[in-house]
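Structure file input-v6.txt (compact mmCIF, C-alpha atoms and all ligand atoms) follows.
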```
# COMPACT_ATOMS: atom_id res chain seq x y z
CA MET A 1 -97.69 -21.88 -11.19
CA PHE A 2 -98.01 -23.05 -14.80
CA LEU A 3 -96.28 -19.89 -16.05
CA LEU A 4 -93.46 -20.33 -13.53
CA LEU A 5 -92.92 -23.88 -14.77
CA LEU A 6 -92.96 -22.64 -18.35
CA ALA A 7 -90.40 -19.93 -17.49
CA GLY A 8 -88.23 -22.60 -15.86
CA PHE A 9 -88.48 -24.68 -19.03
CA PHE A 10 -87.29 -21.77 -21.21
CA PHE A 11 -84.36 -21.05 -18.86
CA TRP A 12 -83.47 -24.73 -18.84
CA LEU A 13 -83.37 -24.68 -22.67
CA ILE A 14 -80.95 -21.74 -22.51
CA PHE A 15 -78.79 -23.58 -19.99
CA ARG A 16 -78.82 -26.72 -22.14
CA ASP A 17 -77.90 -24.70 -25.21
CA PHE A 18 -74.90 -23.14 -23.44
CA ARG A 19 -73.63 -26.57 -22.49
CA ALA A 20 -74.09 -28.09 -25.94
CA GLU A 21 -71.30 -28.02 -28.51
CA HIS A 22 -72.04 -25.81 -31.49
CA PRO A 23 -70.55 -25.43 -34.94
CA ILE A 24 -68.30 -22.36 -35.12
CA SER A 25 -69.51 -20.80 -38.38
CA GLU A 26 -70.70 -17.17 -38.26
CA ASP A 27 -74.22 -18.14 -39.32
CA ALA A 28 -74.47 -20.72 -36.54
CA ILE A 29 -73.24 -18.22 -33.92
CA SER A 30 -75.81 -15.59 -34.89
CA PHE A 31 -78.56 -18.23 -35.01
CA ASN A 32 -77.65 -19.39 -31.50
CA ARG A 33 -77.65 -15.83 -30.23
CA ALA A 34 -81.13 -15.18 -31.67
CA TYR A 35 -82.38 -18.53 -30.29
CA ARG A 36 -81.15 -17.74 -26.77
CA MET A 37 -82.53 -14.21 -26.87
CA THR A 38 -85.93 -15.56 -27.93
CA LEU A 39 -85.91 -18.07 -25.08
CA LEU A 40 -84.84 -15.35 -22.62
CA VAL A 41 -87.68 -13.04 -23.71
CA LEU A 42 -90.21 -15.88 -23.48
CA GLY A 43 -88.92 -16.79 -20.01
CA LEU A 44 -89.13 -13.20 -18.78
CA VAL A 45 -92.65 -12.77 -20.20
CA CYS A 46 -93.73 -15.92 -18.33
CA LEU A 47 -92.24 -14.51 -15.12
CA TRP A 48 -93.81 -11.08 -15.55
CA PHE A 49 -97.45 -12.12 -15.13
CA PRO A 50 -96.97 -14.01 -11.83
CA PHE A 51 -94.75 -11.19 -10.56
CA ASP A 52 -97.35 -8.56 -11.48
CA GLN A 53 -100.06 -10.61 -9.78
CA TRP A 54 -97.88 -11.08 -6.67
CA ARG A 55 -97.26 -7.32 -6.53
CA PHE A 56 -101.01 -6.62 -6.71
CA ASN A 57 -101.71 -9.22 -3.99
CA GLN A 58 -99.12 -7.51 -1.77
CA PHE A 59 -100.70 -4.13 -2.44
CA LEU A 60 -104.20 -5.38 -1.57
CA THR A 61 -102.88 -7.20 1.49
CA GLU A 62 -101.24 -4.04 2.79
CA LYS A 63 -104.38 -1.91 2.29
CA ALA A 64 -106.75 -4.59 3.64
CA THR A 65 -104.61 -4.84 6.76
CA ILE A 66 -104.98 -1.11 7.37
CA LEU A 67 -108.73 -1.22 6.72
CA ALA A 68 -109.12 -4.17 9.09
CA GLY A 69 -107.46 -2.27 11.92
CA GLY A 70 -103.79 -3.22 11.59
CA LYS A 71 -103.73 -6.98 12.06
CA THR A 72 -102.43 -8.74 8.95
CA VAL A 73 -104.96 -9.84 6.34
CA ASN A 74 -103.76 -12.10 3.52
CA ILE A 75 -105.28 -11.66 0.10
CA HIS A 76 -105.08 -14.20 -2.65
CA CYS A 77 -106.28 -13.70 -6.22
CA ASP A 78 -107.38 -16.91 -7.90
CA SER A 79 -105.82 -17.67 -11.26
CA ALA A 80 -107.74 -19.57 -13.91
CA ILE A 81 -105.92 -22.74 -12.80
CA ASP A 82 -106.80 -22.09 -9.11
CA ALA A 83 -110.43 -21.72 -10.13
CA ILE A 84 -110.53 -25.32 -11.36
CA PHE A 85 -109.49 -26.73 -7.99
CA GLU A 86 -110.93 -24.31 -5.42
CA ALA A 87 -114.38 -24.05 -3.88
CA GLY A 88 -116.44 -20.93 -4.39
CA VAL A 89 -117.50 -21.27 -8.02
CA GLY A 90 -119.96 -18.51 -8.86
CA ARG A 91 -118.88 -16.38 -5.89
CA ALA A 92 -116.87 -13.19 -6.17
CA GLY A 93 -114.97 -13.45 -2.92
CA THR A 94 -114.64 -15.60 0.20
CA ALA A 95 -113.34 -14.53 3.62
CA TYR A 96 -111.81 -17.14 5.94
CA ILE A 97 -112.10 -15.34 9.25
CA GLU A 98 -109.98 -17.73 11.37
CA ASP A 99 -107.14 -17.72 8.82
CA ARG A 100 -107.53 -13.99 8.16
CA GLN A 101 -107.45 -14.77 4.46
CA ILE A 102 -109.55 -13.39 1.62
CA ILE A 103 -109.81 -15.20 -1.70
CA PHE A 104 -110.93 -13.18 -4.68
CA HIS A 105 -112.27 -15.72 -7.11
CA TYR A 106 -111.15 -15.83 -10.69
CA SER A 107 -111.39 -12.55 -12.64
CA TRP A 108 -112.43 -10.42 -9.64
CA CYS A 109 -108.90 -9.18 -8.89
CA GLY A 110 -108.65 -8.26 -12.56
CA LYS A 111 -111.89 -6.30 -12.28
CA LEU A 112 -110.61 -4.45 -9.22
CA LYS A 113 -107.32 -3.75 -10.99
CA ASP A 114 -109.23 -2.39 -14.01
CA TYR A 115 -111.27 -0.16 -11.72
CA LEU A 116 -108.20 1.16 -9.90
CA ASP A 117 -106.39 1.80 -13.20
CA GLN A 118 -109.30 3.88 -14.52
CA PRO A 119 -111.68 4.88 -11.71
CA THR A 120 -113.32 7.72 -13.61
CA GLY A 121 -115.21 6.24 -16.50
CA GLY A 122 -116.12 3.49 -18.95
CA LEU A 123 -116.53 0.97 -16.16
CA THR A 124 -118.64 -2.15 -16.17
CA ARG A 125 -121.06 -2.87 -13.32
CA HIS A 126 -118.75 -5.61 -11.99
CA GLU A 127 -115.68 -3.37 -12.11
CA LYS A 128 -117.56 -0.80 -10.02
CA PHE A 129 -118.78 -3.49 -7.64
CA SER A 130 -115.24 -4.87 -7.12
CA LEU A 131 -114.36 -1.98 -4.79
CA HIS A 132 -117.31 -2.74 -2.52
CA LEU A 133 -116.44 -6.45 -2.68
CA PHE A 134 -112.97 -5.64 -1.33
CA THR A 135 -114.40 -3.61 1.56
CA HIS A 136 -117.09 -6.19 2.32
CA GLU A 137 -114.63 -9.11 2.60
CA VAL A 138 -112.29 -7.07 4.81
CA MET A 139 -115.21 -6.36 7.18
CA HIS A 140 -115.73 -10.13 7.53
CA ILE A 141 -112.09 -10.57 8.51
CA ARG A 142 -112.65 -8.19 11.43
CA GLY A 143 -114.94 -10.90 12.77
CA GLU A 144 -118.41 -10.03 11.48
CA ARG A 145 -120.31 -13.02 10.04
CA ASP A 146 -123.78 -11.47 9.65
CA GLU A 147 -124.04 -10.46 5.98
CA GLN A 148 -126.37 -7.49 6.49
CA LYS A 149 -124.17 -5.99 9.22
CA THR A 150 -121.02 -6.72 7.19
CA ASP A 151 -122.41 -5.00 4.13
CA CYS A 152 -123.49 -1.96 6.09
CA GLN A 153 -120.05 -1.69 7.69
CA ALA A 154 -118.55 -1.88 4.20
CA ILE A 155 -120.90 0.79 2.83
CA GLN A 156 -119.75 3.20 5.50
CA ARG A 157 -116.08 2.45 4.65
CA ASP A 158 -116.21 2.28 0.84
CA TYR A 159 -114.97 5.87 0.54
CA GLN A 160 -112.14 5.20 2.98
CA ALA A 161 -111.24 1.95 1.15
CA ALA A 162 -111.16 3.67 -2.24
CA ARG A 163 -108.88 6.39 -0.88
CA LEU A 164 -106.58 3.77 0.68
CA LEU A 165 -106.34 2.04 -2.69
CA GLY A 166 -105.25 5.28 -4.31
CA VAL A 167 -108.50 6.53 -5.86
CA PRO A 168 -108.73 10.37 -5.95
CA LYS A 169 -111.31 12.02 -3.68
CA GLY A 170 -113.98 12.75 -6.35
CA PRO A 171 -114.14 9.25 -7.90
CA ALA A 172 -113.84 7.68 -4.41
CA LYS A 173 -116.92 9.57 -3.30
CA ASP A 174 -118.75 8.64 -6.52
CA ILE A 175 -118.01 4.90 -6.28
CA ALA A 176 -118.98 4.76 -2.59
CA LEU A 177 -122.27 6.56 -3.18
CA HIS A 178 -122.95 4.57 -6.36
CA TYR A 179 -123.17 1.29 -4.46
CA TYR A 180 -125.19 2.76 -1.58
CA ARG A 181 -127.71 4.52 -3.77
CA ARG A 182 -127.96 2.34 -6.87
CA GLU A 183 -127.02 -1.23 -5.99
CA TYR A 184 -127.72 -1.60 -2.27
CA PRO A 185 -131.51 -1.10 -2.26
CA GLU A 186 -131.86 -4.16 -4.54
CA HIS A 187 -129.16 -6.24 -2.88
CA PRO A 188 -129.99 -9.39 -0.84
CA TYR A 189 -127.93 -7.96 2.06
CA PHE A 190 -130.06 -4.79 2.24
CA SER A 191 -131.11 -3.73 5.72
CA SER A 192 -133.63 -1.00 6.50
CA HIS A 193 -131.44 -0.12 9.51
CA CYS A 194 -128.46 0.80 7.31
CA HIS A 195 -128.72 4.57 6.89
CA PRO A 196 -127.42 7.68 8.65
CA GLY A 197 -128.91 7.65 12.15
CA GLY A 198 -130.04 4.01 11.79
CA SER A 199 -129.13 1.32 14.29
CA LEU A 200 -126.25 0.15 12.02
CA ASP A 201 -124.77 3.66 11.71
CA GLU A 202 -121.30 3.60 13.29
CA THR A 203 -121.04 7.41 13.09
CA LEU A 204 -117.57 7.16 11.55
CA ALA A 205 -115.65 10.38 11.00
CA ASN A 206 -114.72 9.42 7.43
CA SER A 207 -117.97 7.67 6.50
CA THR A 208 -119.36 7.46 2.96
CA TRP A 209 -122.47 9.08 4.42
CA GLN A 210 -120.68 12.38 5.01
CA PHE A 211 -121.44 13.09 1.32
CA LEU A 212 -125.21 12.64 1.53
ZN ZN B 301 -120.20 -11.58 2.92
```
Starting from the file, give its structure as C-alpha cells.
Ligand SMILES: [Zn+2]
Amino acid sequence: MFLLLLAGFFFWLIFRDFRAEHPISEDAISFNRAYRMTLLVLGLVCLWFPFDQWRFNQFLTEKATILAGGKTVNIHCDSAIDAIFEAGVGRAGTAYIEDRQIIFHYSWCGKLKDYLDQPTGGLTRHEKFSLHLFTHEVMHIRGERDEQKTDCQAIQRDYQAARLLGVPKGPAKDIALHYYRREYPEHPYFSSHCHPGGSLDETLANSTWQFL
C-alpha cells in the first residue's frame, strides 16, 4: 500500500508539472523532460513491486485451489507493513478455514519464491521448508484442524504440490523426500502413524511415498 501511495505521489508530481507554466528556453525544456522521465521511472518502479507480489499471490491462489480440490483458496503474502499490524508474529503461515484464506507471514512468500526460482541448489533450510509450508496450510483449508493429520496429508502431497508449482520431477521428488526423511522425524507434528501402510496413509496414486 505504501508503494502504491508513493507511485501516486510521483504521478501527481508529473501531472502538476504538466499544468505548471514553464520558461521556454531550450535548457528549461530539456530539464523538464528529464525531471518528468525521472518521476515516471520512479512511479513505475513503485508500481512494479506490488504488481509482482499480486501476480505471485494469484499464482499461489490458483495452485492452492487445485491442491485443495477445486474450491477457491485465497492466499495473501504479508508485506513488512502488514507484519506490523497482523497477528501471527513468529509463525510462518496461518490458515483461516472458514474464510478459506491462507496468510503467509512476512518473508515466507519470498522464501517460497526463491525456492521456486531455483529449486535445485544453494537453498537455505527455510527456503526448502517453504514448499511444505504451502502444502500444509492448504491441507488445513480442506477442513483438517489436527496438526499431526494435516502434516501427514501434506507430506503425502508435497511432490504433487511441487509439480503443480512448476518444479521439475527430479527436484520435486527431492524436496518432498527431504522434508519426510530429514525434517519430519524431529518435527513437533511427527506421528508414528505417518508412513506407508500406517493408519494415516491415504494410499494416493501420486504420493511422495511412491519414491521410497
Ligand atoms: Zn498447521
List every protein, DNA or RNA residue that has an atom no more than 10 Å from (-108.7, -8.9, 4.9) in the file's coordinate frame, counting all atoms listed in the file, and report them as an mmCIF file with C-alpha atoms, keeping the file's coordinate frame.
```cif
data_model
loop_
_atom_site.group_PDB
_atom_site.id
_atom_site.type_symbol
_atom_site.label_atom_id
_atom_site.label_comp_id
_atom_site.auth_asym_id
_atom_site.auth_seq_id
_atom_site.Cartn_x
_atom_site.Cartn_y
_atom_site.Cartn_z
ATOM 1 C CA LEU A 60 -104.200 -5.380 -1.570
ATOM 2 C CA THR A 61 -102.880 -7.200 1.490
ATOM 3 C CA GLU A 62 -101.240 -4.040 2.790
ATOM 4 C CA LYS A 63 -104.380 -1.910 2.290
ATOM 5 C CA ALA A 64 -106.750 -4.590 3.640
ATOM 6 C CA THR A 65 -104.610 -4.840 6.760
ATOM 7 C CA ILE A 66 -104.980 -1.110 7.370
ATOM 8 C CA LEU A 67 -108.730 -1.220 6.720
ATOM 9 C CA ALA A 68 -109.120 -4.170 9.090
ATOM 10 C CA GLY A 69 -107.460 -2.270 11.920
ATOM 11 C CA LYS A 71 -103.730 -6.980 12.060
ATOM 12 C CA THR A 72 -102.430 -8.740 8.950
ATOM 13 C CA VAL A 73 -104.960 -9.840 6.340
ATOM 14 C CA ASN A 74 -103.760 -12.100 3.520
ATOM 15 C CA ILE A 75 -105.280 -11.660 0.100
ATOM 16 C CA HIS A 76 -105.080 -14.200 -2.650
ATOM 17 C CA ALA A 95 -113.340 -14.530 3.620
ATOM 18 C CA TYR A 96 -111.810 -17.140 5.940
ATOM 19 C CA ILE A 97 -112.100 -15.340 9.250
ATOM 20 C CA ASP A 99 -107.140 -17.720 8.820
ATOM 21 C CA ARG A 100 -107.530 -13.990 8.160
ATOM 22 C CA GLN A 101 -107.450 -14.770 4.460
ATOM 23 C CA ILE A 102 -109.550 -13.390 1.620
ATOM 24 C CA ILE A 103 -109.810 -15.200 -1.700
ATOM 25 C CA PHE A 134 -112.970 -5.640 -1.330
ATOM 26 C CA THR A 135 -114.400 -3.610 1.560
ATOM 27 C CA HIS A 136 -117.090 -6.190 2.320
ATOM 28 C CA GLU A 137 -114.630 -9.110 2.600
ATOM 29 C CA VAL A 138 -112.290 -7.070 4.810
ATOM 30 C CA MET A 139 -115.210 -6.360 7.180
ATOM 31 C CA HIS A 140 -115.730 -10.130 7.530
ATOM 32 C CA ILE A 141 -112.090 -10.570 8.510
ATOM 33 C CA ARG A 142 -112.650 -8.190 11.430
#
```
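Straight-line separation from CA of Lys149 (chain A) to CA of Leu200 (chain A): 7.1 Å.
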Please produce, as JSON lines, a per-residue contact table for region 91-162 of chain A versus region 173-177 of chain A (criterion: any atom at most 9 Å away, only C-alpha atoms considered), showing the nearest atom pair and its distance in Å to one decimal, sorted by chain then residue number.
```
{"residue": "A:Pro119", "atom": "CA", "partner": "A:Ile175", "partner_atom": "CA", "distance": 8.3}
{"residue": "A:Thr120", "atom": "CA", "partner": "A:Asp174", "partner_atom": "CA", "distance": 9.0}
{"residue": "A:Lys128", "atom": "CA", "partner": "A:Ile175", "partner_atom": "CA", "distance": 6.8}
{"residue": "A:Phe129", "atom": "CA", "partner": "A:Ile175", "partner_atom": "CA", "distance": 8.5}
{"residue": "A:Leu131", "atom": "CA", "partner": "A:Ile175", "partner_atom": "CA", "distance": 7.9}
{"residue": "A:His132", "atom": "CA", "partner": "A:Ala176", "partner_atom": "CA", "distance": 7.7}
{"residue": "A:Ile155", "atom": "CA", "partner": "A:Ala176", "partner_atom": "CA", "distance": 7.0}
{"residue": "A:Gln156", "atom": "CA", "partner": "A:Ala176", "partner_atom": "CA", "distance": 8.3}
{"residue": "A:Arg157", "atom": "CA", "partner": "A:Ala176", "partner_atom": "CA", "distance": 8.1}
{"residue": "A:Asp158", "atom": "CA", "partner": "A:Ala176", "partner_atom": "CA", "distance": 5.1}
{"residue": "A:Tyr159", "atom": "CA", "partner": "A:Ala176", "partner_atom": "CA", "distance": 5.2}
{"residue": "A:Gln160", "atom": "CA", "partner": "A:Ala176", "partner_atom": "CA", "distance": 8.8}
{"residue": "A:Ala162", "atom": "CA", "partner": "A:Ala176", "partner_atom": "CA", "distance": 7.9}
```
> Within 8 Å of region 40-42 of chain A, counting only C-alpha atoms, which residues qualify if same-chain residues fewer than 5 places away don't, as a ChimeraX atom specification?
Replying inline: /A:7,10-11,14
>> Rounded to one decimal, what separation in Å do you get between CA of Asp27 (chain A) and CA of Phe9 (chain A)?
In response: 25.6 Å
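Our summary of the geometry notes that CA of Met1 (chain A) is positioned 11.4 Å from CA of Asp78 (chain A).
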Kindly compute an axis-aligned box around the listed atoms of region 114-132 of chain A, allowing 3 Å on each side, and express its centre and edge lengths in Å to one decimal as lines of an AutoDock Vina configuration file.
```
center_x = -113.7
center_y = 1.1
center_z = -10.7
size_x = 20.7
size_y = 19.3
size_z = 22.4
```
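Counting all atoms listed in the file and comparing A:Thr94, A:Gln153, A:Asn206, A:Ser199, the residue that lies closest to ligand ZN 301 (chain B) is A:Thr94.
Among the candidate residues A:Gln53, A:Gln118, A:Gln210, A:Gln148, the one lying nearest to ligand ZN 301 (chain B) is A:Gln148, with distances computed using all atoms listed in the file.
Each of A:Gly43, A:Pro50, A:Gly8, A:Pro188 was checked against ligand ZN 301 (chain B) using all atoms listed in the file; the smallest atom-to-atom distance is that of A:Pro188.
Among A:Arg145, A:Arg163, A:Arg125, A:Arg182, the residue with the shortest atom-to-atom distance to ligand ZN 301 (chain B), counting all atoms listed in the file, is A:Arg145.
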> Neighbours of Asp201 (chain A) within 12 Å (all atoms listed in the file; same-chain residues fewer than 3 positions away dropped), as a VMD selection string?
Replying inline: chain A and resid 149 to 157 191 to 198 204 to 205 207 to 210
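For the choices A:Tyr115, A:Gly70, A:Leu13, A:His187, the atom-to-atom distance to ligand ZN 301 (chain B) is smallest for A:His187 when using only C-alpha atoms and all ligand atoms.
Of the residues under consideration (A:Arg181, A:Gly170, A:Gly122, A:Gly93), A:Gly93 shows the shortest atom-to-atom contact distance to ligand ZN 301 (chain B) when counting all atoms listed in the file.
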